[in-house]
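Novice: Before I ask anything, let me first share the structure, which is written out below as structure tokens.
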Amino acid sequence: MRTIALVVAAGRGSRLGGDVPKQYLSLAGTSVLRHSVATFAHHPAVDATRVVIHPDDRPQYDAATAGLVLLAPTHGGASRQESVLRGLESLADERPDAVLIHDGARPLVSGNTITNVIAALAAGPGAIAAVPVRDTLKKGEGNRIADTIDRRGLWRAQTPQGFRYHDILRAHREAIGREFTDDAQVAEHAGLAVTLVEDSEDNLKITTAHDLARAESLVGATWQALGDVRVGSGFDVHRFGPGDAVMLCGVRIPHSAALEGHSDADVGLHALCDALLATIGAGDIGQHFPPSDARWRAADSSAFVKHAAGLVRERGGVVAHVDLTLMCEAPRVSPHRTAMVARIAEILALAADRVSVKATTTERLGFTGRGEGIAASATATVRLPWTAPR
């Protein structure tokens, strides 16, 4: 299925107080919305992601999503239900088979939850993340207990809520003028069967200051558990050859020559790939992508970096920071540094302030000084679950 995520972030968040809508508040050094959106944007089964925003929030949105590859945002309406309908209507030209509707104020959704909701859509028209009710429920009249509610079979609905695109679009159109609390209720009203997919309590919605503090605690606990900090380095060199542009850190730069070598000869990304592999003792780029293999001829080097970062994630780790230095007399790097940082941040799903790109010359000494090629060095810092040294 072609699956598109629709992240709804047009609300004002009035219950949290303050002048900043809750989706743009800081959570562990980046915005709540970026946490929410990045998980979908980098999920391998999600083909594209669009955010529904308030018309007044475009500057905050641009800052929150810098470096992420997303569809252009669309404007929401006066209610969440209207915002979802507008978002769904805006996806018509994208021709999705399925859509995942997610609240932008749920920043801790996991990739596993997304995977499970998508999998459930293979068997039916709808599926939602939900948590079974485990507490005893009381019905109150004023401040007195009037009754005890049987909790068997009761679930708390969360997001994402996934549906076959045309089914949920039709259901939302039919629901105009009615008030429903979530998209699953819209689907139920239209007669669509919706599957419950058990989720984690950690997929909380930021509504109050207490919720934000709890989310900060959960993110902090995750990082504290990753107490094995590793630093790896990488170094690469490519000579100049015939051509009219070079690839550096994922950015094409016009030049009087091209770089020769493995794949697209992106010396910066090759050094970064080796640095990431070094953090987990996984060899070097040549072992994973032999230059003798025709599959890698002219390949986009971002695939190598994503592979290395994926190996870190398979070990339960996260990439925390990367630093690159490019050594050349030409081309000039400084006009392209911002684009390079954004591209690397996109590849690794990092905030831009966790990526450093620098450039230097060798004062016309050596092969780089003679303009024969470009060298690059990279350092990567990752955090892994702590295991006692053997």
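Labels for the structure tokens follow display order: chains A, B, ..., residues from 1 in each chain, ligands from 1.
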Contacts of Arg95 in chain A at 10 Å or less, counting only C-alpha atoms, minus same-chain residues fewer than 4 places along, as a list in words?
Specialist: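 These residues fall inside the cut-off: Arg2, Thr3, Ile4, Leu91, Tyr165 and His166 of chain A.
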Novice: How would the residues just picked look written out with N, CA and C atoms as a short mmCIF file (atom, residue, chain, number, x, y, z; two decimals), in the first residue's frame?
Specialist:
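After the write, result_9.cif holds the following:
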data_model
loop_
_atom_site.label_atom_id
_atom_site.label_comp_id
_atom_site.auth_asym_id
_atom_site.auth_seq_id
_atom_site.Cartn_x
_atom_site.Cartn_y
_atom_site.Cartn_z
N ARG A 2 0.44 2.26 -0.75
CA ARG A 2 1.07 3.56 -0.64
C ARG A 2 0.43 4.24 0.57
N THR A 3 1.26 4.48 1.58
CA THR A 3 0.76 4.98 2.87
C THR A 3 1.29 6.37 3.14
N ILE A 4 0.40 7.30 3.48
CA ILE A 4 0.79 8.66 3.80
C ILE A 4 0.35 8.97 5.23
N LEU A 91 -4.80 15.42 0.11
CA LEU A 91 -3.98 14.28 -0.32
C LEU A 91 -4.46 13.64 -1.62
N TYR A 165 -7.70 5.01 2.48
CA TYR A 165 -7.87 6.43 2.22
C TYR A 165 -9.28 6.80 1.76
N HIS A 166 -9.78 6.15 0.74
CA HIS A 166 -11.07 6.54 0.19
C HIS A 166 -12.21 6.26 1.18
#
Novice: I'd like the neighbourhood of Thr195 in chain A as a PyMOL selection string, where a residue qualifies if any of its atoms comes within 12 Å (using only C-alpha atoms), though same-chain residues fewer than 4 positions away should be ignored.
Specialist: chain A and resi 116-130+155+157+161-163+184+187-188
Novice: Suppose we keep N, CA and C atoms; can you now write the selection as a PDB file, in the first residue's frame?
Specialist:
ATOM      1  N   ASN A 116       2.726  -1.749  13.317  1.00  0.00           N
ATOM      2  CA  ASN A 116       1.617  -2.628  13.679  1.00  0.00           C
ATOM      3  C   ASN A 116       0.275  -2.109  13.160  1.00  0.00           C
ATOM      4  N   VAL A 117       0.082  -0.792  13.162  1.00  0.00           N
ATOM      5  CA  VAL A 117      -1.161  -0.240  12.635  1.00  0.00           C
ATOM      6  C   VAL A 117      -1.238  -0.469  11.121  1.00  0.00           C
ATOM      7  N   ILE A 118      -0.131  -0.240  10.423  1.00  0.00           N
ATOM      8  CA  ILE A 118      -0.113  -0.481   8.973  1.00  0.00           C
ATOM      9  C   ILE A 118      -0.392  -1.954   8.671  1.00  0.00           C
ATOM     10  N   ALA A 119       0.215  -2.844   9.450  1.00  0.00           N
ATOM     11  CA  ALA A 119       0.003  -4.284   9.230  1.00  0.00           C
ATOM     12  C   ALA A 119      -1.465  -4.655   9.408  1.00  0.00           C
ATOM     13  N   ALA A 120      -2.131  -4.049  10.392  1.00  0.00           N
ATOM     14  CA  ALA A 120      -3.541  -4.362  10.636  1.00  0.00           C
ATOM     15  C   ALA A 120      -4.431  -3.896   9.487  1.00  0.00           C
ATOM     16  N   LEU A 121      -3.987  -2.870   8.751  1.00  0.00           N
ATOM     17  CA  LEU A 121      -4.781  -2.379   7.626  1.00  0.00           C
ATOM     18  C   LEU A 121      -4.809  -3.366   6.457  1.00  0.00           C
ATOM     19  N   ALA A 122      -3.898  -4.313   6.451  1.00  0.00           N
ATOM     20  CA  ALA A 122      -3.914  -5.319   5.394  1.00  0.00           C
ATOM     21  C   ALA A 122      -5.143  -6.218   5.494  1.00  0.00           C
ATOM     22  N   ALA A 123      -5.752  -6.273   6.685  1.00  0.00           N
ATOM     23  CA  ALA A 123      -6.882  -7.177   6.896  1.00  0.00           C
ATOM     24  C   ALA A 123      -8.218  -6.463   7.048  1.00  0.00           C
ATOM     25  N   GLY A 124      -8.224  -5.135   7.065  1.00  0.00           N
ATOM     26  CA  GLY A 124      -9.481  -4.426   7.258  1.00  0.00           C
ATOM     27  C   GLY A 124      -9.355  -2.962   6.909  1.00  0.00           C
ATOM     28  N   PRO A 125     -10.488  -2.239   6.921  1.00  0.00           N
ATOM     29  CA  PRO A 125     -10.481  -0.840   6.482  1.00  0.00           C
ATOM     30  C   PRO A 125      -9.943   0.149   7.506  1.00  0.00           C
ATOM     31  N   GLY A 126      -9.805  -0.277   8.782  1.00  0.00           N
ATOM     32  CA  GLY A 126      -9.337   0.659   9.795  1.00  0.00           C
ATOM     33  C   GLY A 126      -8.628  -0.037  10.927  1.00  0.00           C
ATOM     34  N   ALA A 127      -7.701   0.684  11.575  1.00  0.00           N
ATOM     35  CA  ALA A 127      -6.987   0.153  12.739  1.00  0.00           C
ATOM     36  C   ALA A 127      -6.467   1.328  13.543  1.00  0.00           C
ATOM     37  N   ILE A 128      -6.544   1.232  14.867  1.00  0.00           N
ATOM     38  CA  ILE A 128      -6.059   2.326  15.707  1.00  0.00           C
ATOM     39  C   ILE A 128      -5.160   1.799  16.818  1.00  0.00           C
ATOM     40  N   ALA A 129      -4.203   2.625  17.205  1.00  0.00           N
ATOM     41  CA  ALA A 129      -3.416   2.339  18.401  1.00  0.00           C
ATOM     42  C   ALA A 129      -4.295   2.599  19.620  1.00  0.00           C
ATOM     43  N   ALA A 130      -4.252   1.700  20.587  1.00  0.00           N
ATOM     44  CA  ALA A 130      -5.094   1.836  21.774  1.00  0.00           C
ATOM     45  C   ALA A 130      -4.477   1.093  22.944  1.00  0.00           C
ATOM     46  N   TRP A 155     -11.093   0.180  26.087  1.00  0.00           N
ATOM     47  CA  TRP A 155      -9.773   0.613  25.607  1.00  0.00           C
ATOM     48  C   TRP A 155      -9.734   2.130  25.558  1.00  0.00           C
ATOM     49  N   ALA A 157      -8.409   5.086  23.300  1.00  0.00           N
ATOM     50  CA  ALA A 157      -7.952   5.308  21.930  1.00  0.00           C
ATOM     51  C   ALA A 157      -6.754   6.257  21.907  1.00  0.00           C
ATOM     52  N   GLN A 161      -4.190   6.547  13.905  1.00  0.00           N
ATOM     53  CA  GLN A 161      -5.377   5.803  13.508  1.00  0.00           C
ATOM     54  C   GLN A 161      -5.312   5.676  11.988  1.00  0.00           C
ATOM     55  N   GLY A 162      -5.263   4.433  11.529  1.00  0.00           N
ATOM     56  CA  GLY A 162      -5.045   4.181  10.110  1.00  0.00           C
ATOM     57  C   GLY A 162      -6.297   3.694   9.407  1.00  0.00           C
ATOM     58  N   PHE A 163      -6.454   4.123   8.148  1.00  0.00           N
ATOM     59  CA  PHE A 163      -7.642   3.750   7.374  1.00  0.00           C
ATOM     60  C   PHE A 163      -7.286   3.654   5.897  1.00  0.00           C
ATOM     61  N   ALA A 184     -11.710   7.293  14.523  1.00  0.00           N
ATOM     62  CA  ALA A 184     -12.306   5.960  14.622  1.00  0.00           C
ATOM     63  C   ALA A 184     -13.821   6.063  14.786  1.00  0.00           C
ATOM     64  N   ALA A 187     -15.284   6.726  11.503  1.00  0.00           N
ATOM     65  CA  ALA A 187     -15.319   5.487  10.729  1.00  0.00           C
ATOM     66  C   ALA A 187     -16.445   4.570  11.197  1.00  0.00           C
ATOM     67  N   GLU A 188     -16.628   4.463  12.519  1.00  0.00           N
ATOM     68  CA  GLU A 188     -17.699   3.620  13.059  1.00  0.00           C
ATOM     69  C   GLU A 188     -19.066   4.104  12.563  1.00  0.00           C
TER      70      GLU A 188
END
Novice: To test your reading of the structure, identify every residue in range 171-370 of chain A that backbone DSSP assigns to strand (DSSP E), and report it as a ChimeraX atom specification.
Specialist: /A:194-198,228-241,245-248,251-254,258-259,318-327,355-360
Novice: List the neighbours of range 212-220 of chain A out to 7 Å using only C-alpha atoms; skip same-chain residues closer than 5 positions along the sequence, and give me the result as a list in words.
Specialist: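 Final neighbour list, sorted by chain and number: Leu27, Ala28 and Ile206 of chain A.
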Novice: Which residues in range 196-327 of chain A does DSSP call helix (DSSP H, G or I)? List them as a ChimeraX atom specification.
Specialist: /A:209-225,267-279,285-288,294-296,302-314
Novice: Can those selected residues be exported to a file as a CSV table (one decimal), in the first residue's frame so that it contains N, CA and C atoms?
Specialist:
chain,number,residue,atom,x,y,z
A,209,ALA,N,0.8,20.7,31.6
A,209,ALA,CA,2.2,20.8,31.9
A,209,ALA,C,2.7,19.5,32.5
A,210,HIS,N,1.8,18.8,33.2
A,210,HIS,CA,2.2,17.5,33.8
A,210,HIS,C,2.6,16.5,32.7
A,211,ASP,N,1.8,16.5,31.6
A,211,ASP,CA,2.1,15.6,30.5
A,211,ASP,C,3.4,15.9,29.9
A,212,LEU,N,3.7,17.2,29.7
A,212,LEU,CA,5.0,17.6,29.1
A,212,LEU,C,6.2,17.2,30.0
A,213,ALA,N,6.0,17.4,31.3
A,213,ALA,CA,7.0,16.9,32.2
A,213,ALA,C,7.2,15.4,32.2
A,214,ARG,N,6.1,14.7,32.1
A,214,ARG,CA,6.2,13.2,32.0
A,214,ARG,C,6.9,12.8,30.7
A,215,ALA,N,6.6,13.5,29.6
A,215,ALA,CA,7.3,13.2,28.3
A,215,ALA,C,8.8,13.5,28.4
A,216,GLU,N,9.2,14.6,29.1
A,216,GLU,CA,10.6,14.9,29.3
A,216,GLU,C,11.3,13.8,30.1
A,217,SER,N,10.6,13.3,31.1
A,217,SER,CA,11.1,12.2,31.9
A,217,SER,C,11.3,11.0,31.1
A,218,LEU,N,10.3,10.6,30.3
A,218,LEU,CA,10.5,9.4,29.5
A,218,LEU,C,11.6,9.5,28.5
A,219,VAL,N,11.8,10.7,27.8
A,219,VAL,CA,12.9,10.9,26.9
A,219,VAL,C,14.2,10.8,27.7
A,220,GLY,N,14.2,11.5,28.8
A,220,GLY,CA,15.5,11.4,29.6
A,220,GLY,C,15.8,10.0,30.1
A,221,ALA,N,14.8,9.3,30.5
A,221,ALA,CA,15.1,7.9,30.9
A,221,ALA,C,15.6,7.1,29.7
A,222,THR,N,15.1,7.3,28.5
A,222,THR,CA,15.6,6.6,27.4
A,222,THR,C,17.1,6.9,27.1
A,223,TRP,N,17.5,8.2,27.2
A,223,TRP,CA,18.9,8.5,27.0
A,223,TRP,C,19.7,8.0,28.1
A,224,GLN,N,19.3,8.1,29.4
A,224,GLN,CA,20.1,7.6,30.5
A,224,GLN,C,20.3,6.1,30.4
A,225,ALA,N,19.4,5.3,29.8
A,225,ALA,CA,19.6,3.9,29.6
A,225,ALA,C,20.6,3.6,28.6
A,267,VAL,N,32.9,12.2,-0.8
A,267,VAL,CA,34.0,12.0,0.1
A,267,VAL,C,33.5,12.2,1.6
A,268,GLY,N,32.7,13.2,1.7
A,268,GLY,CA,32.2,13.5,3.1
A,268,GLY,C,31.3,12.4,3.7
A,269,LEU,N,30.3,11.9,2.9
A,269,LEU,CA,29.5,10.9,3.3
A,269,LEU,C,30.2,9.6,3.5
A,270,HIS,N,31.2,9.3,2.7
A,270,HIS,CA,32.0,8.1,2.9
A,270,HIS,C,32.7,8.1,4.2
A,271,ALA,N,33.3,9.2,4.5
A,271,ALA,CA,34.0,9.4,5.8
A,271,ALA,C,33.0,9.2,7.0
A,272,LEU,N,31.8,9.8,6.8
A,272,LEU,CA,30.8,9.7,7.9
A,272,LEU,C,30.3,8.2,8.0
A,273,CYS,N,30.2,7.5,6.9
A,273,CYS,CA,29.8,6.1,7.0
A,273,CYS,C,30.8,5.3,7.8
A,274,ASP,N,32.1,5.5,7.5
A,274,ASP,CA,33.1,4.8,8.2
A,274,ASP,C,33.1,5.1,9.7
A,275,ALA,N,32.9,6.4,10.0
A,275,ALA,CA,32.8,6.8,11.4
A,275,ALA,C,31.7,6.1,12.2
A,276,LEU,N,30.5,6.0,11.6
A,276,LEU,CA,29.4,5.4,12.2
A,276,LEU,C,29.7,3.9,12.4
A,277,LEU,N,30.2,3.2,11.3
A,277,LEU,CA,30.5,1.8,11.4
A,277,LEU,C,31.5,1.6,12.5
A,278,ALA,N,32.5,2.5,12.7
A,278,ALA,CA,33.5,2.3,13.8
A,278,ALA,C,32.9,2.3,15.2
A,279,THR,N,31.8,3.0,15.4
A,279,THR,CA,31.3,3.0,16.7
A,279,THR,C,30.8,1.7,17.2
A,285,ILE,N,33.4,0.9,5.0
A,285,ILE,CA,32.4,1.0,3.8
A,285,ILE,C,32.7,0.0,2.8
A,286,GLY,N,34.0,-0.3,2.5
A,286,GLY,CA,34.3,-1.3,1.5
A,286,GLY,C,33.9,-2.7,1.8
A,287,GLN,N,33.8,-3.0,3.1
A,287,GLN,CA,33.3,-4.4,3.4
A,287,GLN,C,31.8,-4.5,3.2
A,288,HIS,N,31.0,-3.4,3.4
A,288,HIS,CA,29.6,-3.5,3.3
A,288,HIS,C,29.1,-3.2,1.8
A,294,ALA,N,29.0,-3.9,-9.1
A,294,ALA,CA,28.4,-3.0,-10.0
A,294,ALA,C,27.2,-2.3,-9.5
A,295,ARG,N,26.6,-2.9,-8.5
A,295,ARG,CA,25.4,-2.3,-7.9
A,295,ARG,C,25.6,-0.9,-7.3
A,296,TRP,N,26.9,-0.6,-6.9
A,296,TRP,CA,27.2,0.6,-6.2
A,296,TRP,C,27.8,1.7,-7.2
A,302,SER,N,24.1,8.5,0.3
A,302,SER,CA,23.3,8.6,1.5
A,302,SER,C,22.8,7.2,1.9
A,303,ALA,N,22.7,6.3,0.9
A,303,ALA,CA,22.3,4.9,1.2
A,303,ALA,C,23.3,4.2,2.2
A,304,PHE,N,24.5,4.5,2.0
A,304,PHE,CA,25.6,3.9,2.8
A,304,PHE,C,25.5,4.5,4.3
A,305,VAL,N,25.3,5.8,4.4
A,305,VAL,CA,25.1,6.3,5.7
A,305,VAL,C,23.9,5.8,6.4
A,306,LYS,N,22.8,5.7,5.7
A,306,LYS,CA,21.6,5.2,6.3
A,306,LYS,C,21.8,3.7,6.7
A,307,HIS,N,22.5,3.0,6.0
A,307,HIS,CA,22.8,1.6,6.3
A,307,HIS,C,23.6,1.5,7.6
A,308,ALA,N,24.6,2.4,7.7
A,308,ALA,CA,25.4,2.4,8.9
A,308,ALA,C,24.6,2.8,10.2
A,309,ALA,N,23.8,3.9,10.0
A,309,ALA,CA,23.0,4.3,11.1
A,309,ALA,C,21.9,3.2,11.5
A,310,GLY,N,21.4,2.5,10.5
A,310,GLY,CA,20.5,1.4,10.7
A,310,GLY,C,21.1,0.3,11.6
A,311,LEU,N,22.4,0.0,11.3
A,311,LEU,CA,23.1,-1.0,12.2
A,311,LEU,C,23.2,-0.5,13.6
A,312,VAL,N,23.4,0.8,13.8
A,312,VAL,CA,23.5,1.3,15.2
A,312,VAL,C,22.1,1.1,15.8
A,313,ARG,N,21.0,1.4,15.1
A,313,ARG,CA,19.7,1.3,15.6
A,313,ARG,C,19.4,-0.2,15.9
A,314,GLU,N,19.9,-1.1,15.1
A,314,GLU,CA,19.6,-2.6,15.4
A,314,GLU,C,20.3,-3.0,16.7
Novice: Which is closer to Arg164 in chain A than all the others in A:Pro96, A:Pro59, A:Pro107, A:Gly243, using only C-alpha atoms?
Specialist: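 Among the listed residues, the smallest separation from Arg164 in chain A belongs to A:Pro96.
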Novice: Between A:Val251, A:Ala376, A:Val341, A:Ala72, single out the one closest to Phe235 in chain A, counting only C-alpha atoms.
Specialist: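 The answer is A:Ala376, which sits nearest to Phe235 in chain A.
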Novice: Using only C-alpha atoms, pick whichever of A:Pro132, A:Asp182, A:Ala175, A:Ala5 has the shortest atom-to-atom distance to Glu94 in chain A.
Specialist: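 Going through A:Pro132, A:Asp182, A:Ala175, A:Ala5 one by one, the smallest distance to Glu94 in chain A is for A:Ala5.
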Novice: Work out how far apart CA of Met327 in chain A and CA of Ile347 in chain A are and give it in Å to one decimal.
Specialist: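 Computing the Euclidean distance for CA of Met327 in chain A and CA of Ile347 in chain A yields 22.1 Å.
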Novice: Find the spatial neighbours of range 316-318 of chain A, counting only C-alpha atoms, within a cut-off of 6 Å - ignore same-chain residues fewer than 5 positions away - and output them as number ranges by chain.
Specialist: A: 382-384
Novice: Using only C-alpha atoms, which residue out of A:Arg364, A:His54, A:Arg106, A:Arg332 lies closest to Arg34 in chain A?
Specialist: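 When distances to Arg34 in chain A are compared using only C-alpha atoms, the smallest one comes from A:Arg106.
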Novice: Residues within 12 Å of Val52 in chain A, please, as a PDB file with N, CA and C atoms, in the first residue's frame. Count only C-alpha atoms; anything in the same chain fewer than 6 positions from it doesn't count.
Specialist:
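Once written, result-v7.pdb looks like this:
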ATOM      1  N   ALA A   5       1.229   9.613   5.978  1.00  0.00           N
ATOM      2  CA  ALA A   5       0.906  10.046   7.339  1.00  0.00           C
ATOM      3  C   ALA A   5       0.377  11.470   7.304  1.00  0.00           C
ATOM      4  N   LEU A   6      -0.697  11.707   8.032  1.00  0.00           N
ATOM      5  CA  LEU A   6      -1.292  13.035   8.155  1.00  0.00           C
ATOM      6  C   LEU A   6      -1.210  13.420   9.634  1.00  0.00           C
ATOM      7  N   VAL A   7      -0.315  14.339   9.940  1.00  0.00           N
ATOM      8  CA  VAL A   7      -0.096  14.760  11.330  1.00  0.00           C
ATOM      9  C   VAL A   7      -0.884  16.049  11.563  1.00  0.00           C
ATOM     10  N   VAL A   8      -1.804  15.999  12.505  1.00  0.00           N
ATOM     11  CA  VAL A   8      -2.711  17.123  12.750  1.00  0.00           C
ATOM     12  C   VAL A   8      -2.128  18.002  13.850  1.00  0.00           C
ATOM     13  N   ALA A   9      -1.808  19.252  13.483  1.00  0.00           N
ATOM     14  CA  ALA A   9      -1.137  20.158  14.424  1.00  0.00           C
ATOM     15  C   ALA A   9      -1.648  21.580  14.256  1.00  0.00           C
ATOM     16  N   ALA A  10      -2.946  21.733  14.098  1.00  0.00           N
ATOM     17  CA  ALA A  10      -3.530  23.063  13.878  1.00  0.00           C
ATOM     18  C   ALA A  10      -4.152  23.648  15.131  1.00  0.00           C
ATOM     19  N   GLY A  11      -4.116  22.911  16.244  1.00  0.00           N
ATOM     20  CA  GLY A  11      -4.767  23.380  17.463  1.00  0.00           C
ATOM     21  C   GLY A  11      -3.992  24.473  18.175  1.00  0.00           C
ATOM     22  N   GLN A  23       2.300  22.175  20.447  1.00  0.00           N
ATOM     23  CA  GLN A  23       3.071  21.364  19.516  1.00  0.00           C
ATOM     24  C   GLN A  23       4.426  21.980  19.181  1.00  0.00           C
ATOM     25  N   LEU A  33       6.420  18.881  18.075  1.00  0.00           N
ATOM     26  CA  LEU A  33       5.989  18.504  16.727  1.00  0.00           C
ATOM     27  C   LEU A  33       7.077  17.761  15.975  1.00  0.00           C
ATOM     28  N   VAL A  37       6.591  14.223  14.074  1.00  0.00           N
ATOM     29  CA  VAL A  37       6.670  14.118  12.615  1.00  0.00           C
ATOM     30  C   VAL A  37       7.840  13.243  12.168  1.00  0.00           C
ATOM     31  N   ARG A  58       3.077  29.191  10.412  1.00  0.00           N
ATOM     32  CA  ARG A  58       4.056  28.763   9.417  1.00  0.00           C
ATOM     33  C   ARG A  58       5.518  28.986   9.855  1.00  0.00           C
ATOM     34  N   TYR A  61       6.337  26.260  12.288  1.00  0.00           N
ATOM     35  CA  TYR A  61       6.357  24.976  11.578  1.00  0.00           C
ATOM     36  C   TYR A  61       7.664  24.815  10.807  1.00  0.00           C
ATOM     37  N   LEU A  70       9.191  16.429   3.751  1.00  0.00           N
ATOM     38  CA  LEU A  70       7.752  16.371   3.982  1.00  0.00           C
ATOM     39  C   LEU A  70       7.009  16.960   2.795  1.00  0.00           C
ATOM     40  N   LEU A  71       5.751  16.564   2.635  1.00  0.00           N
ATOM     41  CA  LEU A  71       4.879  17.260   1.712  1.00  0.00           C
ATOM     42  C   LEU A  71       4.609  18.659   2.271  1.00  0.00           C
ATOM     43  N   ALA A  72       4.285  19.599   1.410  1.00  0.00           N
ATOM     44  CA  ALA A  72       3.976  20.950   1.867  1.00  0.00           C
ATOM     45  C   ALA A  72       2.823  20.891   2.859  1.00  0.00           C
ATOM     46  N   PRO A  73       2.875  21.694   3.929  1.00  0.00           N
ATOM     47  CA  PRO A  73       1.788  21.661   4.910  1.00  0.00           C
ATOM     48  C   PRO A  73       0.499  22.211   4.325  1.00  0.00           C
ATOM     49  N   THR A  74      -0.607  21.846   4.950  1.00  0.00           N
ATOM     50  CA  THR A  74      -1.903  22.399   4.560  1.00  0.00           C
ATOM     51  C   THR A  74      -2.555  23.005   5.786  1.00  0.00           C
ATOM     52  N   HIS A  75      -3.491  23.914   5.582  1.00  0.00           N
ATOM     53  CA  HIS A  75      -4.121  24.624   6.697  1.00  0.00           C
ATOM     54  C   HIS A  75      -5.314  23.855   7.244  1.00  0.00           C
ATOM     55  N   GLY A  76      -5.454  23.901   8.560  1.00  0.00           N
ATOM     56  CA  GLY A  76      -6.568  23.240   9.218  1.00  0.00           C
ATOM     57  C   GLY A  76      -7.786  24.132   9.315  1.00  0.00           C
ATOM     58  N   GLY A  77      -8.795  23.636  10.038  1.00  0.00           N
ATOM     59  CA  GLY A  77     -10.045  24.373  10.183  1.00  0.00           C
ATOM     60  C   GLY A  77     -10.319  24.755  11.617  1.00  0.00           C
ATOM     61  N   SER A  79     -12.102  23.172  13.868  1.00  0.00           N
ATOM     62  CA  SER A  79     -12.107  22.033  14.785  1.00  0.00           C
ATOM     63  C   SER A  79     -11.137  20.979  14.283  1.00  0.00           C
ATOM     64  N   ARG A  80     -10.802  20.038  15.171  1.00  0.00           N
ATOM     65  CA  ARG A  80      -9.911  18.963  14.747  1.00  0.00           C
ATOM     66  C   ARG A  80     -10.539  18.169  13.608  1.00  0.00           C
ATOM     67  N   GLN A  81     -11.837  17.887  13.719  1.00  0.00           N
ATOM     68  CA  GLN A  81     -12.511  17.111  12.691  1.00  0.00           C
ATOM     69  C   GLN A  81     -12.434  17.810  11.334  1.00  0.00           C
ATOM     70  N   GLU A  82     -12.636  19.131  11.333  1.00  0.00           N
ATOM     71  CA  GLU A  82     -12.536  19.882  10.086  1.00  0.00           C
ATOM     72  C   GLU A  82     -11.098  19.885   9.568  1.00  0.00           C
ATOM     73  N   SER A  83     -10.131  19.962  10.483  1.00  0.00           N
ATOM     74  CA  SER A  83      -8.721  19.951  10.078  1.00  0.00           C
ATOM     75  C   SER A  83      -8.357  18.627   9.415  1.00  0.00           C
ATOM     76  N   VAL A  84      -8.849  17.526   9.978  1.00  0.00           N
ATOM     77  CA  VAL A  84      -8.567  16.212   9.379  1.00  0.00           C
ATOM     78  C   VAL A  84      -9.178  16.130   7.985  1.00  0.00           C
ATOM     79  N   LEU A  85     -10.419  16.572   7.842  1.00  0.00           N
ATOM     80  CA  LEU A  85     -11.065  16.526   6.525  1.00  0.00           C
ATOM     81  C   LEU A  85     -10.276  17.351   5.507  1.00  0.00           C
ATOM     82  N   ARG A  86      -9.853  18.538   5.897  1.00  0.00           N
ATOM     83  CA  ARG A  86      -9.056  19.356   4.977  1.00  0.00           C
ATOM     84  C   ARG A  86      -7.757  18.656   4.608  1.00  0.00           C
ATOM     85  N   GLY A  87      -7.139  18.016   5.595  1.00  0.00           N
ATOM     86  CA  GLY A  87      -5.915  17.280   5.313  1.00  0.00           C
ATOM     87  C   GLY A  87      -6.146  16.131   4.358  1.00  0.00           C
ATOM     88  N   LEU A  88      -7.224  15.399   4.584  1.00  0.00           N
ATOM     89  CA  LEU A  88      -7.550  14.273   3.699  1.00  0.00           C
ATOM     90  C   LEU A  88      -7.826  14.764   2.274  1.00  0.00           C
ATOM     91  N   GLU A  89      -8.576  15.833   2.153  1.00  0.00           N
ATOM     92  CA  GLU A  89      -8.879  16.379   0.816  1.00  0.00           C
ATOM     93  C   GLU A  89      -7.589  16.785   0.108  1.00  0.00           C
ATOM     94  N   SER A  90      -6.620  17.301   0.857  1.00  0.00           N
ATOM     95  CA  SER A  90      -5.374  17.777   0.248  1.00  0.00           C
ATOM     96  C   SER A  90      -4.508  16.649  -0.289  1.00  0.00           C
ATOM     97  N   LEU A  91      -4.801  15.419   0.107  1.00  0.00           N
ATOM     98  CA  LEU A  91      -3.977  14.276  -0.317  1.00  0.00           C
ATOM     99  C   LEU A  91      -4.461  13.638  -1.619  1.00  0.00           C
ATOM    100  N   ILE A 101      -3.569   8.859  10.521  1.00  0.00           N
ATOM    101  CA  ILE A 101      -3.895  10.161  11.103  1.00  0.00           C
ATOM    102  C   ILE A 101      -3.344  10.190  12.526  1.00  0.00           C
ATOM    103  N   HIS A 102      -2.490  11.181  12.797  1.00  0.00           N
ATOM    104  CA  HIS A 102      -1.793  11.223  14.087  1.00  0.00           C
ATOM    105  C   HIS A 102      -1.866  12.620  14.684  1.00  0.00           C
ATOM    106  N   ASP A 103      -1.995  12.694  15.990  1.00  0.00           N
ATOM    107  CA  ASP A 103      -2.001  13.976  16.687  1.00  0.00           C
ATOM    108  C   ASP A 103      -0.574  14.488  16.838  1.00  0.00           C
ATOM    109  N   GLY A 104      -0.350  15.731  16.402  1.00  0.00           N
ATOM    110  CA  GLY A 104       0.983  16.304  16.520  1.00  0.00           C
ATOM    111  C   GLY A 104       1.447  16.447  17.950  1.00  0.00           C
TER     112      GLY A 104
END
Novice: Just the number, please: distance in Å from CA of Gly234 in chain A to CA of Ala378 in chain A, one decimal.
Specialist: 5.0 Å
Novice: Please, what distance in Å, to one decimal, runs between CA of Ala375 in chain A and CA of Leu350 in chain A?
Specialist: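 These atoms are spaced 24.2 Å apart.
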Novice: Choose the residue, out of A:Val109, A:Gly67, A:Ile374, A:Gly369, that has the smallest atom-to-atom separation from Val355 in chain A; count only C-alpha atoms.
Specialist: A:Gly67
Novice: So, with only C-alpha atoms as the atoms that count, which of A:Phe180, A:Phe240, A:Tyr24, A:Phe289 lies closest to Gly371 in chain A?
Specialist: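 Checking each of A:Phe180, A:Phe240, A:Tyr24, A:Phe289 against Gly371 in chain A, counting only C-alpha atoms, the winner is A:Phe240.
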Novice: Just the residues within 8 Å of Phe40 in chain A, please, counting only C-alpha atoms, with nothing from its chain fewer than 4 positions along; format it as a ChimeraX atom specification.
Specialist: /A:5,36,46,49,111,114
Novice: Go ahead and dump the residues you just picked, C-alpha atoms, as a CSV table (one decimal), in the first residue's frame.
Specialist:
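Saved the output as result-v4.csv:
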chain,number,residue,atom,x,y,z
A,5,ALA,CA,0.9,10.0,7.3
A,36,SER,CA,6.0,13.5,16.3
A,46,VAL,CA,5.4,5.5,5.2
A,49,THR,CA,4.1,12.8,5.5
A,111,GLY,CA,8.1,3.1,14.9
A,114,ILE,CA,3.3,2.6,13.2
